[in-house]
2 protein chains.
Amino acid sequence: MKRLVLLGASGSIGLQTIDVVIRHPDEFEIVALSVGRNIDALEEILSKVKVKAVCVQEGNELLRLQSKYTDIEFLSGDEGLKTLALRDDYDMLVNALVGFVGFVPTYEAICSNHDVALANKESLVVGGELIEKALAEHKVNLYPIDSEHSAIFQALQGNRKEEVKNLWITASGGAFRNKKREELVDVTVEDALAHPNWAMGAKITIDSASMMNKGFEVIEAHYLFSMPYDQIKVLMHKESVIHSMVEYVDGSVIAQLGNPDMRLPIQYALTYPERKELDLPRLNLAEIGSLHFEDADVRRFPLLALAYASGKRGGNLPAVMNAINDVANQAFRERKISFLDIEDMIIRGVNRVPFKKVTCLEDLLEANAWGVEYAQRYIVEKGGK
Amino acid sequence: MKRLVLLGASGSIGLQTIDVVIRHPDEFEIVALSVGRNIDALEEILSKVKVKAVCVQEGNELLRLQSKYTDIEFLSGDEGLKTLALRDDYDMLVNALVGFVGFVPTYEAICSNHDVALANKESLVVGGELIEKALAEHKVNLYPIDSEHSAIFQALQGNRKEEVKNLWITASGGAFRNKKREELVDVTVEDALAHPNWAMGAKITIDSASMMNKGFEVIEAHYLFSMPYDQIKVLMHKESVIHSMVEYVDGSVIAQLGNPDMRLPIQYALTYPERKELDLPRLNLAEIGSLHFEDADVRRFPLLALAYASGKRGGNLPAVMNAINDVANQAFRERKISFLDIEDMIIRGVNRVPFKKVTCLEDLLEANAWGVEYAQRYIVEKGGK
């Protein structure tokens, strides 16, 4: 029985993780979980799984919840997330939080000798260097849940790292892949949320449309697989059937394919190194008929180019990039800025911030604060126009 | 240093094996080799690699060769092939022979405790049951060189056999994949030899056009991977870029991709479990643009259906099927019969032969002789019309 702590339980990945757990009652148990503000979703979850502790984002409902669920311990806020990550009665943290808030639980789980299954890519984008160091000091494993990184992880099995020539991350191109840059001026939130292949949370769907998400995945791959940026390539593949690939020194390419259903990479992270039955519709390539590929044009997707540059330089740049994106993504969803403002503010911000090395959590918090402040000022000035 | 015996050195796979060996002079050494009747090719090969022993098909040039190459031991015929397989100064037999003649060397190499890299699929088609038994008794490995089986072998690495749901063998469909059955009546040898993707030997190119080759590959996969026939599927894929795939119980599909160049699977069989650099043009999916897939229509390809049925029933049927195909393939190339006669004679023959179990080499020889005789009679009768 593998005991899990699940952070971000009411989000898209969180709910799918619960589905995988419920499908395998003899394999997995959720010891503790967190949700954000969605208390209705929490109560729905608690009707399905029996847990010892719950963290919610804000404290105002704590008393009511505590009196209703007397055998559950309730916590709140970022401190509550950290407390869950530091528990000693579980085997693996499943981090399905969205944004910078995911970093501390990932880091603390590793430092307290727990395996981590990571859907929160921001953990590695903002704090990859710190997590790399922590992984080297603690004998734990970091498993990817992102479909692309799970594909690469699967395609690496049975091969040696020094035999890898390139990692190929596939990219659907998101909602706007068929639009030219000049056609992006007037796109709406609804347009951006219409991802052609995947049903995902709102934040990551917008990140897909801007290709910031693909940029994050490049940085994530760099840290997950200890691979230089020059050996991480992006390939446009509009069907999202080949989830990613590994090219080896002999010219052989190993790819992982599947229907776009996150329960597959979630379950693989949970069952690794084994595979278990998962009763979902199976991939039917004859029905799909054809798969298409194109080079990724970095002029068309400047945030992808920025992610490579920020990742290579390192230090505070990826954390600043992520912080501005967090704010910009939300501001776009709240209709305060336009779609092209997202990339404009990120690029300007990353080019303006003074470079600093990151050696501890405080450095990250500082970088994040700089990015948030910069982004908020940008939005205010934009609104003033 | 891995010491090889290479059978069928002057054929397509043989010459590509020599190319791989020459590219890695510190890794591989050819101890002994065989060719058929092409003595010019042999002399060309001997100018490049230094061997201890050579087997040629016929004895008439033995004296001349022996007096020219005094430090090489010369042998001839099937007995010579067997003698090479039984040598004790090598590590791996590379069997690139074409047809039934490949069986005995494969079998004898296994029984004398040698690993085998197998391009001669007929070894497993005709004698799969005997080879399975021999492999169980001797602790040696059988590595596939066929591109499809190498792909499956690669896609199985790092996974457990009981987690496999289906093997997916891809099929280009050969030279006539765009023709309907009624359009096959008048096709010529030249038409059949024009394989759209692969440059291969003449026999296998004809077998590809008739899909007998794909049927053989199904049987080969059954024995190589101990997989029931119901879990071996054929998928039409005209670009021959995805060389084959493994579908797992969780719905994940692992595929191996590459340019159609046999040096890659040859080298993987030789270097396994490692990979070594191979300086060939690399796969460029963006340049290829798209990959296509279709269900395999067994009514269009009756020899594929026959191979499944013969394989499932087992006994002498696959050996009879192979023997008739060997003769039919050659008769078609010699313009004695039409393309559709190939499948007509194979289907009639396999339906007519009395079923027998195969428990020893003599049973195989008998089945082979029955098939050859049946096929020769068919051709004579056909010619008499």
# chains A, B, ... in the order shown; residues from 1 in each chain; ligands from 1
call {"tool": "residues_around", "arguments": {"residues": "Thr170 (chain B)", "least_positions_apart": "6", "cutoff": "7 Å", "atoms": "only C-alpha atoms", "output": "PyMOL selection string"}}
result
chain B and resi 234-237+243-244
call {"tool": "residues_around", "arguments": {"residues": "Lys165 (chain B)", "least_positions_apart": "5", "cutoff": "7 Å", "atoms": "only C-alpha atoms", "output": "ChimeraX atom specification"}}
result
/B:231,247-249
call {"tool": "residues_around", "arguments": {"residues": "Glu129 (chain A)", "least_positions_apart": "6", "cutoff": "12 Å", "atoms": "only C-alpha atoms", "output": "VMD selection string"}}
result
chain A and resid 103 107 123 135 to 136 219 to 220 222 to 224 226 311 to 319 357 to 361 363 to 364
call {"tool": "atom_distance", "arguments": {"atom1": "CA of Asn322 (chain B)", "atom2": "CA of Phe216 (chain B)"}}
result
8.4 Å
call {"tool": "closest_atom_pairs", "arguments": {"of": "chain A", "to": "chain B", "cutoff": "7 Å", "atoms": "only C-alpha atoms", "output": "JSON lines"}}
result
{"residue": "A:Gln157", "atom": "CA", "partner": "B:Gly158", "partner_atom": "CA", "distance": 4.7}
{"residue": "A:Gly158", "atom": "CA", "partner": "B:Gly158", "partner_atom": "CA", "distance": 4.2}
{"residue": "A:Glu163", "atom": "CA", "partner": "B:Arg275", "partner_atom": "CA", "distance": 6.2}
{"residue": "A:Val249", "atom": "CA", "partner": "B:Glu277", "partner_atom": "CA", "distance": 4.8}
{"residue": "A:Asp250", "atom": "CA", "partner": "B:Leu278", "partner_atom": "CA", "distance": 4.5}
{"residue": "A:Gly251", "atom": "CA", "partner": "B:Arg282", "partner_atom": "CA", "distance": 5.7}
{"residue": "A:Ser252", "atom": "CA", "partner": "B:Gly258", "partner_atom": "CA", "distance": 5.4}
{"residue": "A:Val253", "atom": "CA", "partner": "B:Leu257", "partner_atom": "CA", "distance": 4.9}
{"residue": "A:Ile254", "atom": "CA", "partner": "B:Gln256", "partner_atom": "CA", "distance": 4.6}
{"residue": "A:Ala255", "atom": "CA", "partner": "B:Ala255", "partner_atom": "CA", "distance": 5.2}
{"residue": "A:Gln256", "atom": "CA", "partner": "B:Ile254", "partner_atom": "CA", "distance": 4.6}
{"residue": "A:Leu257", "atom": "CA", "partner": "B:Val253", "partner_atom": "CA", "distance": 4.9}
{"residue": "A:Gly258", "atom": "CA", "partner": "B:Ser252", "partner_atom": "CA", "distance": 5.4}
{"residue": "A:Leu264", "atom": "CA", "partner": "B:Asp250", "partner_atom": "CA", "distance": 6.7}
{"residue": "A:Arg275", "atom": "CA", "partner": "B:Glu163", "partner_atom": "CA", "distance": 6.2}
{"residue": "A:Lys276", "atom": "CA", "partner": "B:Asp250", "partner_atom": "CA", "distance": 5.7}
{"residue": "A:Glu277", "atom": "CA", "partner": "B:Asp250", "partner_atom": "CA", "distance": 4.7}
{"residue": "A:Leu278", "atom": "CA", "partner": "B:Asp250", "partner_atom": "CA", "distance": 4.5}
{"residue": "A:Arg282", "atom": "CA", "partner": "B:Gly251", "partner_atom": "CA", "distance": 5.7}
{"residue": "A:Leu285", "atom": "CA", "partner": "B:Phe293", "partner_atom": "CA", "distance": 6.0}
{"residue": "A:Ala286", "atom": "CA", "partner": "B:Glu294", "partner_atom": "CA", "distance": 4.3}
{"residue": "A:Gly289", "atom": "CA", "partner": "B:Phe293", "partner_atom": "CA", "distance": 5.0}
{"residue": "A:Ser290", "atom": "CA", "partner": "B:His292", "partner_atom": "CA", "distance": 4.3}
{"residue": "A:Leu291", "atom": "CA", "partner": "B:Leu291", "partner_atom": "CA", "distance": 5.1}
{"residue": "A:His292", "atom": "CA", "partner": "B:Ser290", "partner_atom": "CA", "distance": 4.3}
{"residue": "A:Phe293", "atom": "CA", "partner": "B:Ala286", "partner_atom": "CA", "distance": 4.8}
{"residue": "A:Glu294", "atom": "CA", "partner": "B:Ala286", "partner_atom": "CA", "distance": 4.3}
{"residue": "A:Asp295", "atom": "CA", "partner": "B:Ala286", "partner_atom": "CA", "distance": 5.5}
call {"tool": "write_last_selection", "arguments": {"atoms": "N, CA and C atoms", "output": "PDB file, in the first residue's frame"}}
result
ATOM      1  N   GLN A 157      13.447   4.417 -19.996  1.00  0.00           N
ATOM      2  CA  GLN A 157      13.569   3.151 -19.262  1.00  0.00           C
ATOM      3  C   GLN A 157      14.384   2.141 -20.070  1.00  0.00           C
ATOM      4  N   GLY A 158      15.289   1.448 -19.392  1.00  0.00           N
ATOM      5  CA  GLY A 158      16.074   0.416 -20.053  1.00  0.00           C
ATOM      6  C   GLY A 158      17.201   0.956 -20.909  1.00  0.00           C
ATOM      7  N   GLU A 163      23.641   7.706 -23.275  1.00  0.00           N
ATOM      8  CA  GLU A 163      23.320   7.314 -24.652  1.00  0.00           C
ATOM      9  C   GLU A 163      22.276   8.234 -25.282  1.00  0.00           C
ATOM     10  N   VAL A 249      21.942   8.030 -29.272  1.00  0.00           N
ATOM     11  CA  VAL A 249      23.160   8.257 -30.068  1.00  0.00           C
ATOM     12  C   VAL A 249      23.226   7.396 -31.327  1.00  0.00           C
ATOM     13  N   ASP A 250      22.511   6.263 -31.335  1.00  0.00           N
ATOM     14  CA  ASP A 250      22.550   5.401 -32.522  1.00  0.00           C
ATOM     15  C   ASP A 250      21.506   5.818 -33.567  1.00  0.00           C
ATOM     16  N   GLY A 251      20.735   6.875 -33.266  1.00  0.00           N
ATOM     17  CA  GLY A 251      19.721   7.330 -34.220  1.00  0.00           C
ATOM     18  C   GLY A 251      18.342   6.774 -33.915  1.00  0.00           C
ATOM     19  N   SER A 252      18.258   5.840 -32.981  1.00  0.00           N
ATOM     20  CA  SER A 252      16.964   5.280 -32.605  1.00  0.00           C
ATOM     21  C   SER A 252      16.184   6.310 -31.789  1.00  0.00           C
ATOM     22  N   VAL A 253      14.880   6.380 -32.027  1.00  0.00           N
ATOM     23  CA  VAL A 253      14.012   7.298 -31.291  1.00  0.00           C
ATOM     24  C   VAL A 253      12.935   6.476 -30.596  1.00  0.00           C
ATOM     25  N   ILE A 254      12.849   6.631 -29.277  1.00  0.00           N
ATOM     26  CA  ILE A 254      11.807   5.935 -28.517  1.00  0.00           C
ATOM     27  C   ILE A 254      10.759   6.969 -28.116  1.00  0.00           C
ATOM     28  N   ALA A 255       9.506   6.668 -28.436  1.00  0.00           N
ATOM     29  CA  ALA A 255       8.413   7.601 -28.181  1.00  0.00           C
ATOM     30  C   ALA A 255       7.362   6.934 -27.308  1.00  0.00           C
ATOM     31  N   GLN A 256       6.645   7.767 -26.538  1.00  0.00           N
ATOM     32  CA  GLN A 256       5.503   7.242 -25.801  1.00  0.00           C
ATOM     33  C   GLN A 256       4.259   7.887 -26.383  1.00  0.00           C
ATOM     34  N   LEU A 257       3.286   7.049 -26.695  1.00  0.00           N
ATOM     35  CA  LEU A 257       2.039   7.508 -27.306  1.00  0.00           C
ATOM     36  C   LEU A 257       0.873   7.149 -26.399  1.00  0.00           C
ATOM     37  N   GLY A 258      -0.209   7.884 -26.546  1.00  0.00           N
ATOM     38  CA  GLY A 258      -1.418   7.557 -25.796  1.00  0.00           C
ATOM     39  C   GLY A 258      -2.490   8.578 -26.086  1.00  0.00           C
ATOM     40  N   LEU A 264      -3.191   8.488 -17.216  1.00  0.00           N
ATOM     41  CA  LEU A 264      -2.113   7.565 -17.569  1.00  0.00           C
ATOM     42  C   LEU A 264      -0.769   8.008 -16.955  1.00  0.00           C
ATOM     43  N   ARG A 275       3.597  -1.245 -14.115  1.00  0.00           N
ATOM     44  CA  ARG A 275       2.393  -0.710 -14.760  1.00  0.00           C
ATOM     45  C   ARG A 275       1.211  -1.518 -14.265  1.00  0.00           C
ATOM     46  N   LYS A 276       0.084  -0.834 -14.077  1.00  0.00           N
ATOM     47  CA  LYS A 276      -1.143  -1.522 -13.667  1.00  0.00           C
ATOM     48  C   LYS A 276      -2.208  -1.274 -14.721  1.00  0.00           C
ATOM     49  N   GLU A 277      -3.182  -2.165 -14.773  1.00  0.00           N
ATOM     50  CA  GLU A 277      -4.342  -1.984 -15.662  1.00  0.00           C
ATOM     51  C   GLU A 277      -4.950  -0.599 -15.450  1.00  0.00           C
ATOM     52  N   LEU A 278      -5.376   0.018 -16.550  1.00  0.00           N
ATOM     53  CA  LEU A 278      -6.108   1.288 -16.451  1.00  0.00           C
ATOM     54  C   LEU A 278      -7.171   1.218 -17.541  1.00  0.00           C
ATOM     55  N   ARG A 282      -8.682   2.896 -25.437  1.00  0.00           N
ATOM     56  CA  ARG A 282      -7.306   2.655 -25.843  1.00  0.00           C
ATOM     57  C   ARG A 282      -6.981   3.408 -27.131  1.00  0.00           C
ATOM     58  N   LEU A 285      -4.698   4.160 -33.498  1.00  0.00           N
ATOM     59  CA  LEU A 285      -4.000   4.966 -34.507  1.00  0.00           C
ATOM     60  C   LEU A 285      -4.683   4.901 -35.864  1.00  0.00           C
ATOM     61  N   ALA A 286      -5.283   3.753 -36.200  1.00  0.00           N
ATOM     62  CA  ALA A 286      -5.966   3.641 -37.498  1.00  0.00           C
ATOM     63  C   ALA A 286      -7.139   4.617 -37.549  1.00  0.00           C
ATOM     64  N   GLY A 289      -5.736   8.079 -37.867  1.00  0.00           N
ATOM     65  CA  GLY A 289      -5.405   8.208 -39.290  1.00  0.00           C
ATOM     66  C   GLY A 289      -4.043   8.792 -39.591  1.00  0.00           C
ATOM     67  N   SER A 290      -3.766   9.993 -39.059  1.00  0.00           N
ATOM     68  CA  SER A 290      -2.459  10.580 -39.365  1.00  0.00           C
ATOM     69  C   SER A 290      -1.972  11.466 -38.224  1.00  0.00           C
ATOM     70  N   LEU A 291      -0.665  11.570 -38.143  1.00  0.00           N
ATOM     71  CA  LEU A 291       0.001  12.413 -37.143  1.00  0.00           C
ATOM     72  C   LEU A 291       0.864  13.414 -37.901  1.00  0.00           C
ATOM     73  N   HIS A 292       0.897  14.654 -37.423  1.00  0.00           N
ATOM     74  CA  HIS A 292       1.617  15.710 -38.139  1.00  0.00           C
ATOM     75  C   HIS A 292       2.704  16.343 -37.273  1.00  0.00           C
ATOM     76  N   PHE A 293       3.750  16.791 -37.947  1.00  0.00           N
ATOM     77  CA  PHE A 293       4.909  17.354 -37.254  1.00  0.00           C
ATOM     78  C   PHE A 293       5.422  18.585 -38.000  1.00  0.00           C
ATOM     79  N   GLU A 294       5.889  19.553 -37.229  1.00  0.00           N
ATOM     80  CA  GLU A 294       6.465  20.777 -37.796  1.00  0.00           C
ATOM     81  C   GLU A 294       7.558  21.276 -36.868  1.00  0.00           C
ATOM     82  N   ASP A 295       8.522  21.982 -37.425  1.00  0.00           N
ATOM     83  CA  ASP A 295       9.497  22.648 -36.566  1.00  0.00           C
ATOM     84  C   ASP A 295       8.792  23.696 -35.716  1.00  0.00           C
TER      85      ASP A 295
END
call {"tool": "residues_around", "arguments": {"residues": "Lys203 (chain B)", "least_positions_apart": "5", "cutoff": "8 Å", "atoms": "only C-alpha atoms", "output": "PyMOL selection string"}}
result
chain B and resi 98+329-330
call {"tool": "write_last_selection", "arguments": {"atoms": "N, CA and C atoms", "output": "mmCIF file, in the first residue's frame"}}
result
data_model
loop_
_atom_site.group_PDB
_atom_site.id
_atom_site.type_symbol
_atom_site.label_atom_id
_atom_site.label_comp_id
_atom_site.auth_asym_id
_atom_site.auth_seq_id
_atom_site.Cartn_x
_atom_site.Cartn_y
_atom_site.Cartn_z
ATOM 1 N N VAL B 98 19.096 -16.381 -46.051
ATOM 2 C CA VAL B 98 17.737 -16.211 -46.546
ATOM 3 C C VAL B 98 17.110 -17.591 -46.720
ATOM 4 N N ASN B 329 8.346 -17.747 -54.499
ATOM 5 C CA ASN B 329 9.026 -16.469 -54.591
ATOM 6 C C ASN B 329 10.063 -16.504 -55.710
ATOM 7 N N GLN B 330 10.866 -17.587 -55.716
ATOM 8 C CA GLN B 330 11.908 -17.699 -56.740
ATOM 9 C C GLN B 330 11.296 -17.895 -58.134
#
call {"tool": "select_by_dssp", "arguments": {"residues": "region 92-252 of chain B", "states": "strand (DSSP E)", "output": "number ranges by chain"}}
result
B: 92-95, 115-118, 142-144, 164-171, 232-236, 242-248
call {"tool": "closest_residue", "arguments": {"among": "B:Trp370, B:Ala209, B:Glu362, B:Gly99", "to": "Leu130 (chain B)", "atoms": "only C-alpha atoms"}}
result
B:Glu362
call {"tool": "select_by_dssp", "arguments": {"residues": "region 274-310 of chain B", "states": "alpha helix (DSSP H)", "output": "PyMOL selection string"}}
result
chain B and resi 285-288+302-310
call {"tool": "residues_around", "arguments": {"residues": "region 42-58 of chain A", "least_positions_apart": "2", "cutoff": "7 Å", "atoms": "only C-alpha atoms", "output": "list in words"}}
result
Ser10, Ile30, Val31, Ala32, Leu33, Ser34, Val35, Gly36, Arg37, Asn38, Ile39, Asp40, Asn60, Ile72, Glu73, Phe74, Leu75, Ser76, Gly77, Gly80 and Leu81 of chain A
call {"tool": "residues_around", "arguments": {"residues": "Val350 (chain B)", "least_positions_apart": "2", "cutoff": "12 Å", "atoms": "only C-alpha atoms", "output": "MDAnalysis selection string"}}
result
chainID B and resid 303 306:307 309:311 313:325 343:348 352:356 367:368 370:372 374:375
call {"tool": "atom_distance", "arguments": {"atom1": "CA of Ile342 (chain B)", "atom2": "CA of Ala328 (chain B)"}}
result
5.3 Å
